[in-house]
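Here is the file protein-v7.txt (compact mmCIF, C-alpha atoms (C1' of nucleotides)).
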# COMPACT_ATOMS: atom_id res chain seq x y z
CA MET J 1 29.96 -48.07 -211.87
CA ALA J 2 31.52 -49.33 -215.05
CA GLU J 3 34.79 -51.25 -215.00
CA SER J 4 35.33 -52.01 -211.34
CA THR J 5 32.52 -54.53 -210.93
CA GLN J 6 30.09 -56.35 -213.21
CA THR J 7 26.85 -55.05 -214.56
CA ARG J 8 23.70 -56.86 -213.64
CA SER J 9 23.60 -58.51 -217.01
CA GLU J 10 27.17 -59.73 -216.77
CA ARG J 11 26.52 -61.12 -213.31
CA ALA J 12 23.57 -63.14 -214.54
CA ARG J 13 25.47 -64.34 -217.57
CA GLN J 14 28.37 -65.47 -215.45
CA ALA J 15 26.14 -67.24 -212.95
CA VAL J 16 24.51 -69.15 -215.79
CA LEU J 17 27.82 -70.18 -217.34
CA ASP J 18 29.07 -71.31 -213.97
CA ALA J 19 26.01 -73.34 -213.13
CA THR J 20 26.13 -74.90 -216.58
CA ALA J 21 29.73 -75.99 -216.14
CA ASP J 22 28.89 -77.42 -212.74
CA LEU J 23 25.99 -79.39 -214.15
CA VAL J 24 27.95 -80.69 -217.11
CA ALA J 25 30.60 -81.90 -214.70
CA GLU J 26 28.02 -83.56 -212.47
CA VAL J 27 25.52 -85.16 -214.79
CA GLY J 28 27.04 -84.83 -218.23
CA VAL J 29 26.10 -82.83 -221.29
CA GLU J 30 23.01 -84.82 -222.20
CA ARG J 31 21.36 -84.73 -218.79
CA THR J 32 22.03 -81.05 -218.29
CA THR J 33 18.75 -79.14 -218.49
CA ILE J 34 17.93 -75.48 -218.72
CA ASP J 35 15.49 -75.73 -215.85
CA GLU J 36 18.15 -77.08 -213.54
CA ILE J 37 20.59 -74.41 -214.68
CA ALA J 38 17.96 -71.85 -213.77
CA ASN J 39 17.55 -73.36 -210.30
CA ARG J 40 21.26 -73.57 -209.58
CA SER J 41 22.19 -70.16 -210.90
CA GLY J 42 19.20 -68.32 -209.48
CA VAL J 43 18.68 -66.85 -212.93
CA ALA J 44 15.22 -67.17 -214.43
CA LYS J 45 14.85 -69.47 -217.41
CA THR J 46 13.53 -66.56 -219.43
CA THR J 47 16.67 -64.60 -218.76
CA ILE J 48 18.85 -67.52 -219.76
CA TYR J 49 17.21 -67.48 -223.17
CA ARG J 50 17.80 -63.73 -223.39
CA HIS J 51 21.53 -64.50 -223.22
CA PHE J 52 21.88 -67.79 -225.07
CA ALA J 53 20.00 -68.95 -228.12
CA SER J 54 19.85 -72.60 -227.19
CA LYS J 55 21.14 -75.21 -224.83
CA GLU J 56 23.87 -76.26 -227.26
CA VAL J 57 25.25 -72.75 -227.58
CA LEU J 58 25.18 -72.35 -223.83
CA VAL J 59 27.10 -75.55 -223.21
CA VAL J 60 29.75 -74.63 -225.75
CA GLU J 61 30.22 -71.20 -224.19
CA ALA J 62 30.28 -72.63 -220.69
CA VAL J 63 32.93 -75.17 -221.59
CA HIS J 64 34.88 -72.55 -223.47
CA ALA J 65 34.86 -70.36 -220.38
CA CYS J 66 36.35 -73.27 -218.42
CA THR J 67 39.83 -72.74 -219.77
CA PHE J 68 42.25 -74.71 -217.69
CA ILE J 69 45.03 -72.80 -216.01
CA MET J 70 48.36 -74.35 -216.82
CA PRO J 71 50.89 -73.68 -214.10
CA ALA J 72 54.26 -72.37 -215.24
CA VAL J 73 56.56 -75.13 -216.44
CA THR J 74 60.03 -75.04 -215.01
CA ASP J 75 62.95 -74.70 -217.40
CA THR J 76 65.74 -76.32 -215.45
CA GLY J 77 67.68 -77.60 -218.42
CA SER J 78 66.89 -81.15 -217.41
CA LEU J 79 64.49 -82.78 -219.84
CA ARG J 80 63.37 -85.26 -217.22
CA ASP J 81 62.61 -82.66 -214.60
CA ASP J 82 60.88 -80.35 -217.04
CA LEU J 83 58.68 -83.15 -218.37
CA ILE J 84 57.72 -84.21 -214.87
CA SER J 85 56.90 -80.62 -214.00
CA CYS J 86 54.93 -80.21 -217.20
CA PHE J 87 52.83 -83.36 -216.92
CA SER J 88 52.39 -83.08 -213.20
CA GLY J 89 50.96 -79.60 -213.58
CA MET J 90 48.97 -80.47 -216.64
CA THR J 91 47.26 -83.52 -215.19
CA LYS J 92 46.29 -81.57 -212.11
CA ALA J 93 44.95 -78.70 -214.17
CA SER J 94 43.12 -81.00 -216.56
CA PHE J 95 41.81 -83.77 -214.39
CA ASP J 96 41.14 -82.28 -211.00
CA GLY J 97 37.79 -80.79 -210.14
CA ARG J 98 35.16 -79.70 -212.60
CA LEU J 99 37.27 -79.89 -215.71
CA GLY J 100 38.23 -83.48 -215.10
CA ALA J 101 34.71 -84.53 -214.25
CA MET J 102 33.31 -83.28 -217.54
CA THR J 103 35.98 -84.71 -219.81
CA LEU J 104 34.38 -88.00 -220.78
CA SER J 105 30.94 -86.53 -221.32
CA LEU J 106 32.45 -83.77 -223.44
CA MET J 107 34.40 -86.17 -225.61
CA ASP J 108 31.28 -88.23 -226.13
CA ALA J 109 29.12 -85.25 -227.01
CA ALA J 110 31.88 -83.95 -229.26
CA GLN J 111 31.35 -86.98 -231.47
CA ARG J 112 27.98 -85.60 -232.54
CA ASP J 113 28.19 -81.83 -232.05
CA PRO J 114 30.67 -80.33 -234.53
CA GLU J 115 31.05 -77.16 -232.47
CA LEU J 116 31.94 -79.10 -229.34
CA GLY J 117 34.16 -81.26 -231.48
CA ARG J 118 36.24 -78.30 -232.55
CA LEU J 119 36.43 -77.05 -229.00
CA VAL J 120 37.62 -80.35 -227.57
CA ARG J 121 40.16 -80.83 -230.35
CA ALA J 122 41.55 -77.36 -229.76
CA GLN J 123 41.89 -78.02 -226.04
CA THR J 124 43.67 -81.31 -226.71
CA GLU J 125 46.15 -79.74 -229.10
CA GLN J 126 46.71 -76.86 -226.73
CA ARG J 127 47.70 -79.27 -224.00
CA ARG J 128 50.03 -81.19 -226.24
CA ARG J 129 51.81 -77.96 -227.08
CA PHE J 130 53.15 -77.58 -223.54
CA ALA J 131 54.92 -80.91 -223.80
CA THR J 132 55.99 -80.19 -227.36
CA ASP J 133 57.71 -77.01 -226.20
CA VAL J 134 59.61 -78.83 -223.47
CA ILE J 135 60.78 -81.46 -225.95
CA ASN J 136 61.77 -78.91 -228.58
CA ARG J 137 63.91 -77.13 -226.02
CA ALA J 138 65.65 -80.42 -225.27
CA VAL J 139 66.30 -80.99 -228.97
CA ALA J 140 67.76 -77.49 -229.24
CA ARG J 141 70.06 -78.29 -226.32
CA GLY J 142 71.15 -81.52 -227.96
CA ASP J 143 69.58 -83.68 -225.26
CA LEU J 144 67.48 -85.42 -227.89
CA PRO J 145 68.33 -86.36 -231.48
CA VAL J 146 67.23 -83.75 -234.00
CA ASP J 147 65.23 -86.33 -235.92
CA VAL J 148 63.18 -87.44 -232.92
CA ASP J 149 59.46 -87.87 -233.62
CA VAL J 150 58.12 -85.21 -231.28
CA ASP J 151 54.50 -86.05 -231.97
CA LEU J 152 55.04 -89.69 -231.10
CA LEU J 153 56.98 -88.77 -228.00
CA VAL J 154 54.16 -86.56 -226.73
CA THR J 155 51.71 -89.39 -227.35
CA LEU J 156 53.93 -91.87 -225.53
CA LEU J 157 53.98 -89.56 -222.53
CA SER J 158 50.39 -88.31 -222.54
CA GLY J 159 48.75 -91.59 -223.46
CA PRO J 160 49.51 -93.61 -220.35
CA LEU J 161 48.46 -90.75 -218.07
CA VAL J 162 45.20 -90.03 -219.87
CA TYR J 163 44.47 -93.75 -220.09
CA THR J 164 45.08 -94.20 -216.38
CA LYS J 165 42.67 -91.41 -215.53
CA LEU J 166 39.89 -91.81 -218.08
CA VAL J 167 39.83 -95.53 -218.77
CA ARG J 168 41.14 -97.10 -215.59
CA ARG J 169 39.71 -94.29 -213.48
CA GLN J 170 42.70 -94.23 -211.16
CA ARG J 171 44.38 -91.18 -209.71
CA ILE J 172 47.48 -89.92 -211.46
CA THR J 173 50.09 -89.97 -208.73
CA ASP J 174 53.44 -88.20 -208.87
CA GLU J 175 55.01 -91.63 -208.85
CA LEU J 176 53.16 -92.59 -212.01
CA VAL J 177 54.22 -89.40 -213.78
CA SER J 178 57.84 -90.02 -212.86
CA ALA J 179 57.66 -93.66 -213.88
CA VAL J 180 56.15 -92.83 -217.27
CA VAL J 181 58.67 -90.07 -217.98
CA ASP J 182 61.60 -92.23 -216.91
CA SER J 183 60.44 -95.26 -218.86
CA VAL J 184 59.86 -93.33 -222.06
CA LEU J 185 63.07 -91.33 -221.78
CA SER J 186 65.18 -94.41 -221.10
CA GLY J 187 64.60 -95.40 -224.68
CA TYR J 188 65.35 -91.98 -226.14
CA ALA J 189 67.46 -89.62 -224.22
CA VAL J 190 71.01 -88.79 -225.07
CA LYS J 191 71.29 -86.97 -221.78
CA THR J 192 68.67 -86.76 -219.05
CA MET S 1 12.45 -127.67 -233.83
CA ALA S 2 14.35 -127.14 -230.64
CA GLU S 3 18.13 -126.76 -230.68
CA SER S 4 18.89 -126.30 -234.36
CA THR S 5 17.32 -122.85 -234.75
CA GLN S 6 15.91 -120.23 -232.42
CA THR S 7 12.45 -120.07 -231.01
CA ARG S 8 10.30 -117.09 -231.84
CA SER S 9 10.99 -115.57 -228.47
CA GLU S 10 14.74 -115.93 -228.84
CA ARG S 11 14.62 -114.38 -232.27
CA ALA S 12 12.83 -111.33 -230.98
CA ARG S 13 15.14 -111.02 -228.03
CA GLN S 14 18.19 -111.20 -230.25
CA ALA S 15 16.83 -108.64 -232.69
CA VAL S 16 16.25 -106.24 -229.82
CA LEU S 17 19.74 -106.68 -228.40
CA ASP S 18 21.23 -106.17 -231.81
CA ALA S 19 19.28 -103.03 -232.58
CA THR S 20 20.14 -101.67 -229.16
CA ALA S 21 23.85 -102.18 -229.71
CA ASP S 22 23.58 -100.50 -233.11
CA LEU S 23 21.81 -97.52 -231.64
CA VAL S 24 24.21 -97.15 -228.74
CA ALA S 25 27.05 -97.14 -231.24
CA GLU S 26 25.34 -94.55 -233.41
CA VAL S 27 23.79 -92.07 -231.03
CA GLY S 28 25.16 -93.01 -227.63
CA VAL S 29 23.57 -94.45 -224.53
CA GLU S 30 21.60 -91.36 -223.54
CA ARG S 31 19.97 -90.75 -226.91
CA THR S 32 19.02 -94.37 -227.39
CA THR S 33 15.26 -94.74 -227.05
CA ILE S 34 12.98 -97.72 -226.75
CA ASP S 35 10.79 -96.45 -229.55
CA GLU S 36 13.70 -96.35 -231.96
CA ILE S 37 14.84 -99.79 -230.87
CA ALA S 38 11.35 -101.02 -231.67
CA ASN S 39 11.51 -99.47 -235.12
CA ARG S 40 14.94 -100.82 -235.97
CA SER S 41 14.42 -104.31 -234.65
CA GLY S 42 10.90 -104.74 -235.95
CA VAL S 43 9.94 -105.88 -232.47
CA ALA S 44 6.96 -104.15 -230.88
CA LYS S 45 7.65 -101.93 -227.91
CA THR S 46 5.31 -104.03 -225.83
CA THR S 47 7.35 -107.11 -226.56
CA ILE S 48 10.57 -105.36 -225.65
CA TYR S 49 9.17 -104.72 -222.18
CA ARG S 50 8.17 -108.36 -221.95
CA HIS S 51 11.87 -109.24 -222.24
CA PHE S 52 13.60 -106.40 -220.44
CA ALA S 53 12.47 -104.58 -217.36
CA SER S 54 13.84 -101.18 -218.32
CA LYS S 55 16.01 -99.35 -220.75
CA GLU S 56 19.00 -99.54 -218.42
CA VAL S 57 18.81 -103.31 -218.11
CA LEU S 58 18.46 -103.63 -221.86
CA VAL S 59 21.52 -101.51 -222.57
CA VAL S 60 23.62 -103.47 -220.10
CA GLU S 61 22.59 -106.76 -221.64
CA ALA S 62 23.11 -105.48 -225.17
CA VAL S 63 26.61 -104.26 -224.39
CA HIS S 64 27.37 -107.45 -222.54
CA ALA S 65 26.34 -109.44 -225.60
CA CYS S 66 28.82 -107.38 -227.65
CA THR S 67 31.85 -109.29 -226.38
CA PHE S 68 34.79 -108.48 -228.56
CA ILE S 69 36.47 -111.34 -230.33
CA MET S 70 40.18 -111.29 -229.65
CA PRO S 71 42.12 -112.95 -232.45
CA ALA S 72 44.70 -115.52 -231.41
CA VAL S 73 47.95 -113.95 -230.31
CA THR S 74 51.04 -115.46 -231.85
CA ASP S 75 53.65 -117.01 -229.55
CA THR S 76 56.79 -116.65 -231.60
CA GLY S 77 59.16 -116.31 -228.69
CA SER S 78 59.88 -112.73 -229.73
CA LEU S 79 58.43 -110.27 -227.23
CA ARG S 80 58.35 -107.53 -229.84
CA ASP S 81 56.50 -109.59 -232.42
CA ASP S 82 54.06 -110.99 -229.90
CA LEU S 83 53.25 -107.55 -228.52
CA ILE S 84 52.69 -106.15 -231.99
CA SER S 85 50.45 -109.10 -232.80
CA CYS S 86 48.58 -108.66 -229.53
CA PHE S 87 47.95 -104.93 -229.78
CA SER S 88 47.32 -104.97 -233.48
CA GLY S 89 44.61 -107.57 -233.03
CA MET S 90 43.25 -105.96 -229.91
CA THR S 91 42.90 -102.48 -231.33
CA LYS S 92 41.10 -103.84 -234.37
CA ALA S 93 38.77 -105.93 -232.24
CA SER S 94 38.13 -103.10 -229.80
CA PHE S 95 37.99 -100.03 -231.96
CA ASP S 96 36.67 -101.09 -235.32
CA GLY S 97 32.98 -101.10 -236.05
CA ARG S 98 30.21 -101.01 -233.48
CA LEU S 99 32.32 -101.71 -230.45
CA GLY S 100 34.67 -98.82 -231.13
CA ALA S 101 31.86 -96.43 -231.87
CA MET S 102 30.17 -96.99 -228.53
CA THR S 103 33.27 -96.81 -226.34
CA LEU S 104 33.21 -93.15 -225.35
CA SER S 105 29.49 -93.09 -224.69
CA LEU S 106 29.78 -96.23 -222.60
CA MET S 107 32.61 -94.86 -220.51
CA ASP S 108 30.65 -91.69 -219.91
CA ALA S 109 27.48 -93.53 -218.94
CA ALA S 110 29.53 -95.86 -216.76
CA GLN S 111 30.36 -92.89 -214.56
CA ARG S 112 26.76 -92.77 -213.37
CA ASP S 113 25.39 -96.28 -213.84
CA PRO S 114 27.10 -98.69 -211.44
CA GLU S 115 26.06 -101.71 -213.48
CA LEU S 116 27.58 -100.29 -216.64
CA GLY S 117 30.58 -99.26 -214.60
CA ARG S 118 31.27 -102.82 -213.56
CA LEU S 119 30.81 -104.03 -217.12
CA VAL S 120 33.22 -101.48 -218.60
CA ARG S 121 35.80 -102.12 -215.91
CA ALA S 122 35.62 -105.85 -216.52
CA GLN S 123 36.10 -105.36 -220.25
CA THR S 124 39.09 -103.09 -219.66
CA GLU S 125 40.79 -105.56 -217.35
CA GLN S 126 40.03 -108.40 -219.72
CA ARG S 127 41.84 -106.59 -222.50
CA ARG S 128 44.82 -105.81 -220.34
CA ARG S 129 45.14 -109.49 -219.55
CA PHE S 130 46.10 -110.36 -223.12
CA ALA S 131 49.09 -108.06 -222.95
CA THR S 132 49.88 -109.18 -219.42
CA ASP S 133 50.10 -112.77 -220.61
CA VAL S 134 52.50 -111.90 -223.40
CA ILE S 135 54.72 -109.99 -221.00
CA ASN S 136 54.67 -112.72 -218.38
CA ARG S 137 55.80 -115.21 -220.97
CA ALA S 138 58.71 -112.93 -221.82
CA VAL S 139 59.65 -112.68 -218.15
CA ALA S 140 59.56 -116.46 -217.90
CA ARG S 141 61.90 -116.69 -220.89
CA GLY S 142 64.25 -114.19 -219.31
CA ASP S 143 63.63 -111.55 -221.97
CA LEU S 144 62.53 -109.12 -219.30
CA PRO S 145 63.79 -108.64 -215.74
CA VAL S 146 61.80 -110.58 -213.18
CA ASP S 147 61.10 -107.43 -211.20
CA VAL S 148 59.59 -105.56 -214.15
CA ASP S 149 56.39 -103.64 -213.33
CA VAL S 150 54.01 -105.50 -215.61
CA ASP S 151 51.09 -103.25 -214.81
CA LEU S 152 53.04 -100.14 -215.73
CA LEU S 153 54.32 -101.77 -218.88
CA VAL S 154 50.80 -102.62 -220.04
CA THR S 155 49.78 -99.04 -219.36
CA LEU S 156 52.74 -97.67 -221.27
CA LEU S 157 51.75 -99.77 -224.27
CA SER S 158 47.96 -99.44 -224.12
CA GLY S 159 47.85 -95.78 -223.16
CA PRO S 160 49.27 -94.23 -226.32
CA LEU S 161 47.07 -96.40 -228.54
CA VAL S 162 43.87 -95.74 -226.64
CA TYR S 163 44.72 -92.05 -226.40
CA THR S 164 45.34 -91.85 -230.14
CA LYS S 165 41.99 -93.40 -230.89
CA LEU S 166 39.69 -91.92 -228.26
CA VAL S 167 41.19 -88.51 -227.60
CA ARG S 168 42.92 -87.58 -230.82
CA ARG S 169 40.40 -89.55 -232.88
CA GLN S 170 43.02 -90.82 -235.29
CA ARG S 171 43.24 -94.28 -236.78
CA ILE S 172 45.60 -96.72 -235.12
CA THR S 173 47.93 -97.71 -237.93
CA ASP S 174 50.25 -100.70 -237.87
CA GLU S 175 53.11 -98.22 -237.97
CA LEU S 176 51.90 -96.62 -234.76
CA VAL S 177 51.61 -99.96 -233.00
CA SER S 178 55.15 -100.89 -234.05
CA ALA S 179 56.50 -97.50 -233.05
CA VAL S 180 54.89 -97.67 -229.62
CA VAL S 181 56.08 -101.21 -228.95
CA ASP S 182 59.61 -100.46 -230.14
CA SER S 183 59.86 -97.23 -228.18
CA VAL S 184 58.64 -98.77 -224.96
CA LEU S 185 60.72 -101.91 -225.31
CA SER S 186 63.91 -99.98 -226.10
CA GLY S 187 63.90 -98.83 -222.50
CA TYR S 188 63.23 -102.26 -221.02
CA ALA S 189 64.14 -105.26 -222.99
CA VAL S 190 67.04 -107.49 -222.24
CA LYS S 191 66.43 -109.21 -225.55
CA THR S 192 63.87 -108.28 -228.19
C1' DA E 1 13.77 -38.50 -209.87
C1' DC E 2 12.88 -40.76 -214.05
C1' DA E 3 12.88 -43.58 -218.14
C1' DG E 4 14.36 -47.56 -220.17
C1' DA E 5 16.50 -51.75 -219.92
C1' DA E 6 16.95 -56.07 -217.70
C1' DC E 7 15.22 -59.40 -214.71
C1' DG E 8 11.84 -62.74 -212.08
C1' DC E 9 7.69 -65.34 -212.02
C1' DT E 10 4.02 -68.00 -213.72
C1' DA E 11 2.02 -70.11 -217.21
C1' DC E 12 1.67 -72.24 -221.52
C1' DG E 13 2.05 -75.16 -225.95
C1' DG E 14 4.40 -78.73 -227.99
C1' DA E 15 7.44 -82.56 -228.49
C1' DA E 16 9.71 -86.65 -226.77
C1' DA E 17 10.06 -90.54 -224.28
C1' DC E 18 8.80 -93.92 -220.66
C1' DG E 19 6.06 -97.60 -219.44
C1' DT E 20 1.22 -99.82 -219.59
C1' DA E 21 -3.33 -101.50 -221.23
C1' DT E 22 -6.08 -103.63 -224.49
C1' DC E 23 -7.14 -106.49 -228.11
C1' DG E 24 -6.66 -109.10 -232.21
C1' DG E 25 -3.74 -112.39 -234.73
C1' DC E 26 -0.10 -115.72 -235.47
C1' DC E 27 2.89 -119.46 -234.15
C1' DG E 28 3.87 -123.94 -232.50
C1' DA E 29 3.38 -128.01 -229.84
C1' DT E 30 0.10 -131.78 -228.88
C1' DA G 1 -7.41 -129.13 -235.76
C1' DT G 2 -7.06 -126.86 -231.66
C1' DC G 3 -5.56 -124.31 -227.76
C1' DG G 4 -2.32 -121.75 -224.93
C1' DG G 5 1.21 -118.62 -225.32
C1' DC G 6 3.64 -115.11 -227.53
C1' DC G 7 3.67 -111.29 -230.54
C1' DG G 8 2.14 -106.82 -233.07
C1' DA G 9 -0.43 -102.56 -233.29
C1' DT G 10 -2.61 -98.81 -231.35
C1' DA G 11 -3.64 -95.95 -227.96
C1' DC G 12 -3.12 -93.93 -223.66
C1' DG G 13 -1.52 -91.43 -219.26
C1' DT G 14 2.46 -89.40 -217.37
C1' DT G 15 6.63 -87.09 -216.99
C1' DT G 16 10.20 -84.18 -218.55
C1' DC G 17 12.04 -80.80 -221.14
C1' DC G 18 12.29 -77.16 -224.61
C1' DG G 19 11.45 -72.59 -225.85
C1' DT G 20 8.07 -68.51 -225.60
C1' DA G 21 4.53 -65.04 -223.83
C1' DG G 22 2.87 -61.76 -220.70
C1' DC G 23 3.34 -58.87 -216.90
C1' DG G 24 4.94 -56.84 -212.84
C1' DT G 25 9.29 -55.51 -210.48
C1' DT G 26 13.94 -54.07 -209.86
C1' DC G 27 18.02 -52.15 -211.24
C1' DT G 28 20.98 -48.57 -213.71
C1' DG G 29 22.58 -44.54 -215.99
C1' DT G 30 21.50 -39.69 -216.56

Once you've parsed the file, please lay out its structure as structure tokens.
Amino acid sequence: MAESTQTRSERARQAVLDATADLVAEVGVERTTIDEIANRSGVAKTTIYRHFASKEVLVVEAVHACTFIMPAVTDTGSLRDDLISCFSGMTKASFDGRLGAMTLSLMDAAQRDPELGRLVRAQTEQRRRFATDVINRAVARGDLPVDVDVDLLVTLLSGPLVYTKLVRRQRITDELVSAVVDSVLSGYAVKT
Amino acid sequence: MAESTQTRSERARQAVLDATADLVAEVGVERTTIDEIANRSGVAKTTIYRHFASKEVLVVEAVHACTFIMPAVTDTGSLRDDLISCFSGMTKASFDGRLGAMTLSLMDAAQRDPELGRLVRAQTEQRRRFATDVINRAVARGDLPVDVDVDLLVTLLSGPLVYTKLVRRQRITDELVSAVVDSVLSGYAVKT
DNA sequence: ACAGAACGCTACGGAAACGTATCGGCCGAT
DNA sequence: ATCGGCCGATACGTTTCCGTAGCGTTCTGT
């Protein structure tokens, strides 16, 4: 067998990455230990070190493997509807389940680990890009002034949602997404 | 001597709290160790345990002692100016120096330590109250509709600033504060 | 079937870090 | 001046975790 299924080595590697992500989500980066990863994954500690040089490298790879799946953003021609679709999908993909649970710990660890820092920054910018695209399409349609500060607009939209989730630790409801989009757009939009 | 200066015990206690706050700001809650606190503060480890039952208790007390000093918010009668004054002062008081450096680590640790959780929540709500007061005054003046969602408004204003600092790790400039206030108000205000 | 690669298990050495015990010395109030 | 209380220093036992070694076993491709 070659392509159809995984080799033994790949299976072990994947189990380790998965258990690592689980642990990071549960107890945070700092409290994640190799011994516990070994227990959870069923992979012997020795084998873990045959795949990953150190705990830091393992965590970075595990987080990297946790790429969030952004659902397709609708392109209805309505800026409001597209933004709601975009942020509704994005918040679910970013803040539900494992990925959401590890966010704070990752951002904290990223302050001291340059590698994690780059990773977290890249993920943040990647997420902003989805909203940027929606806004740029609206500018192209003439629904927003050509000199609109896109970066600021993305921050005005993302900020309240991220703040609600990470700082206030409240769920991001569809109502909140709509309210944020509507409030921000009411100060900007030529046409909604 | 009694009231004028501190007793020996109080001096030691204060030195420990101070060193703890410094360390939390520098290396985070998890990497803060009693041994290092002893080194920094010049207080013997034995003495630290005479004052504080455990590391967790010590961290909570140290953070609690780090109450941020909110500068007086102007009451000019202009909602815009008062909000800019409020958030400009608040972001400086919250995100400059030690207090800002420990924020992410605290929020992460607060996910697992209920005591820290309560403390962080209380601090968050306390900060929101400054903005809430400014907005309520504007409602009383008739500068905002009486049925305005104050909670949402505070989130719309705080979110982008907190997000800029904690997630994007960029400085909060006066220009950003003005831009956020103006953008949000342009969708709401009856009179600025 | 066979050889080599990969894995599991147990054990180990070393480093941190927690929290405690012991004792000697200094401070501060009477 | 003296005495009780607080502090400092050192050392200790314990736990936890890292990362490695050795060895037998299991899988995998030919």

Original post:
Counting all atoms listed in the file, which of J:Ala131, J:Ile37, J:Val146, J:Leu119 gets nearest to Ile84 in chain J?
Top reply: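 Using all atoms listed in the file, Ile84 in chain J sits closest to J:Ala131.
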
**OP:** Record the distance separating CA of Gly187 in chain S and CA of Ser186 in chain J, expressed in Å with one decimal.
**Re:**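 Calculated distance between CA of Gly187 in chain S and CA of Ser186 in chain J is 4.8 Å.
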
Subject >> Selection: 9 Å around DC17 in chain G, only C-alpha atoms (C1' of nucleotides), excl. self and same-chain fewer than 3 positions, as a VMD selection string >> reply: (chain J and resid 33 to 35) or (chain E and resid 15 to 16)

**OP:** Enumerate, as number ranges by chain, the protein, DNA and RNA residues whose atoms approach (-3.2, -106.3, -226.0) to within 12 Å, taking into account only C-alpha atoms (C1' of nucleotides) and the coordinate frame of the file.
**Re:** S: 44-47; E: 20-25; G: 6-11

Subject >> Point (8.7, -107.3, -225.3), cut-off 12 Å, counting all atoms listed in the file, residues as a ChimeraX atom specification >> reply: /S:8-17,34-35,37-38,41-55,58 /E:19 /G:6-8

**OP:** Give the residues of chain S that lie within 9 Å of chain J; count all atoms listed in the file, and format the answer as a VMD selection string.
**Re:** chain S and resid 27 to 28 30 to 31 103 to 109 111 to 112 120 to 121 124 to 125 152 to 153 155 to 164 166 to 168 176 179 to 180 182 to 188

**OP:** Quick one: everything within 8 Å of Ala21 in chain S, counting all atoms listed in the file, minus sequence neighbours fewer than 6 positions away in the same chain. Send it as a list of chain:residue names.
**Re:**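 Everything that qualifies: S:Val59, S:Ala62, S:Val63, S:Cys66, S:Arg98.
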
Using all atoms listed in the file, which residues of chain G come within 12 Å of chain J, and what is the closest atom pair for each, with the distance in Å to one decimal? Give it as JSON lines, sorted by chain and residue number.
{"residue": "G:DT16", "atom": "C1'", "partner": "J:Thr33", "partner_atom": "CA", "distance": 9.9}
{"residue": "G:DC17", "atom": "C1'", "partner": "J:Thr33", "partner_atom": "CA", "distance": 7.4}
{"residue": "G:DC18", "atom": "C1'", "partner": "J:Ile34", "partner_atom": "CA", "distance": 8.3}
{"residue": "G:DG19", "atom": "C1'", "partner": "J:Tyr49", "partner_atom": "CA", "distance": 8.2}
{"residue": "G:DT20", "atom": "C1'", "partner": "J:Thr46", "partner_atom": "CA", "distance": 8.5}
{"residue": "G:DA21", "atom": "C1'", "partner": "J:Thr46", "partner_atom": "CA", "distance": 10.1}
{"residue": "G:DG22", "atom": "C1'", "partner": "J:Thr46", "partner_atom": "CA", "distance": 11.8}
{"residue": "G:DT26", "atom": "C1'", "partner": "J:Arg8", "partner_atom": "CA", "distance": 10.8}
{"residue": "G:DC27", "atom": "C1'", "partner": "J:Arg8", "partner_atom": "CA", "distance": 7.8}
{"residue": "G:DT28", "atom": "C1'", "partner": "J:Arg8", "partner_atom": "CA", "distance": 8.7}
{"residue": "G:DG29", "atom": "C1'", "partner": "J:Met1", "partner_atom": "CA", "distance": 9.2}

**OP:** Find the distance between CA of Leu83 in chain J and CA of Gly100 in chain J and write it in Å to one decimal.
**Re:**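 Distance between the two atoms: 20.7 Å.
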
Subject >> Between CA of Ala19 in chain J and CA of Leu116 in chain J, distance in Å (one decimal) >> reply: 18.2 Å
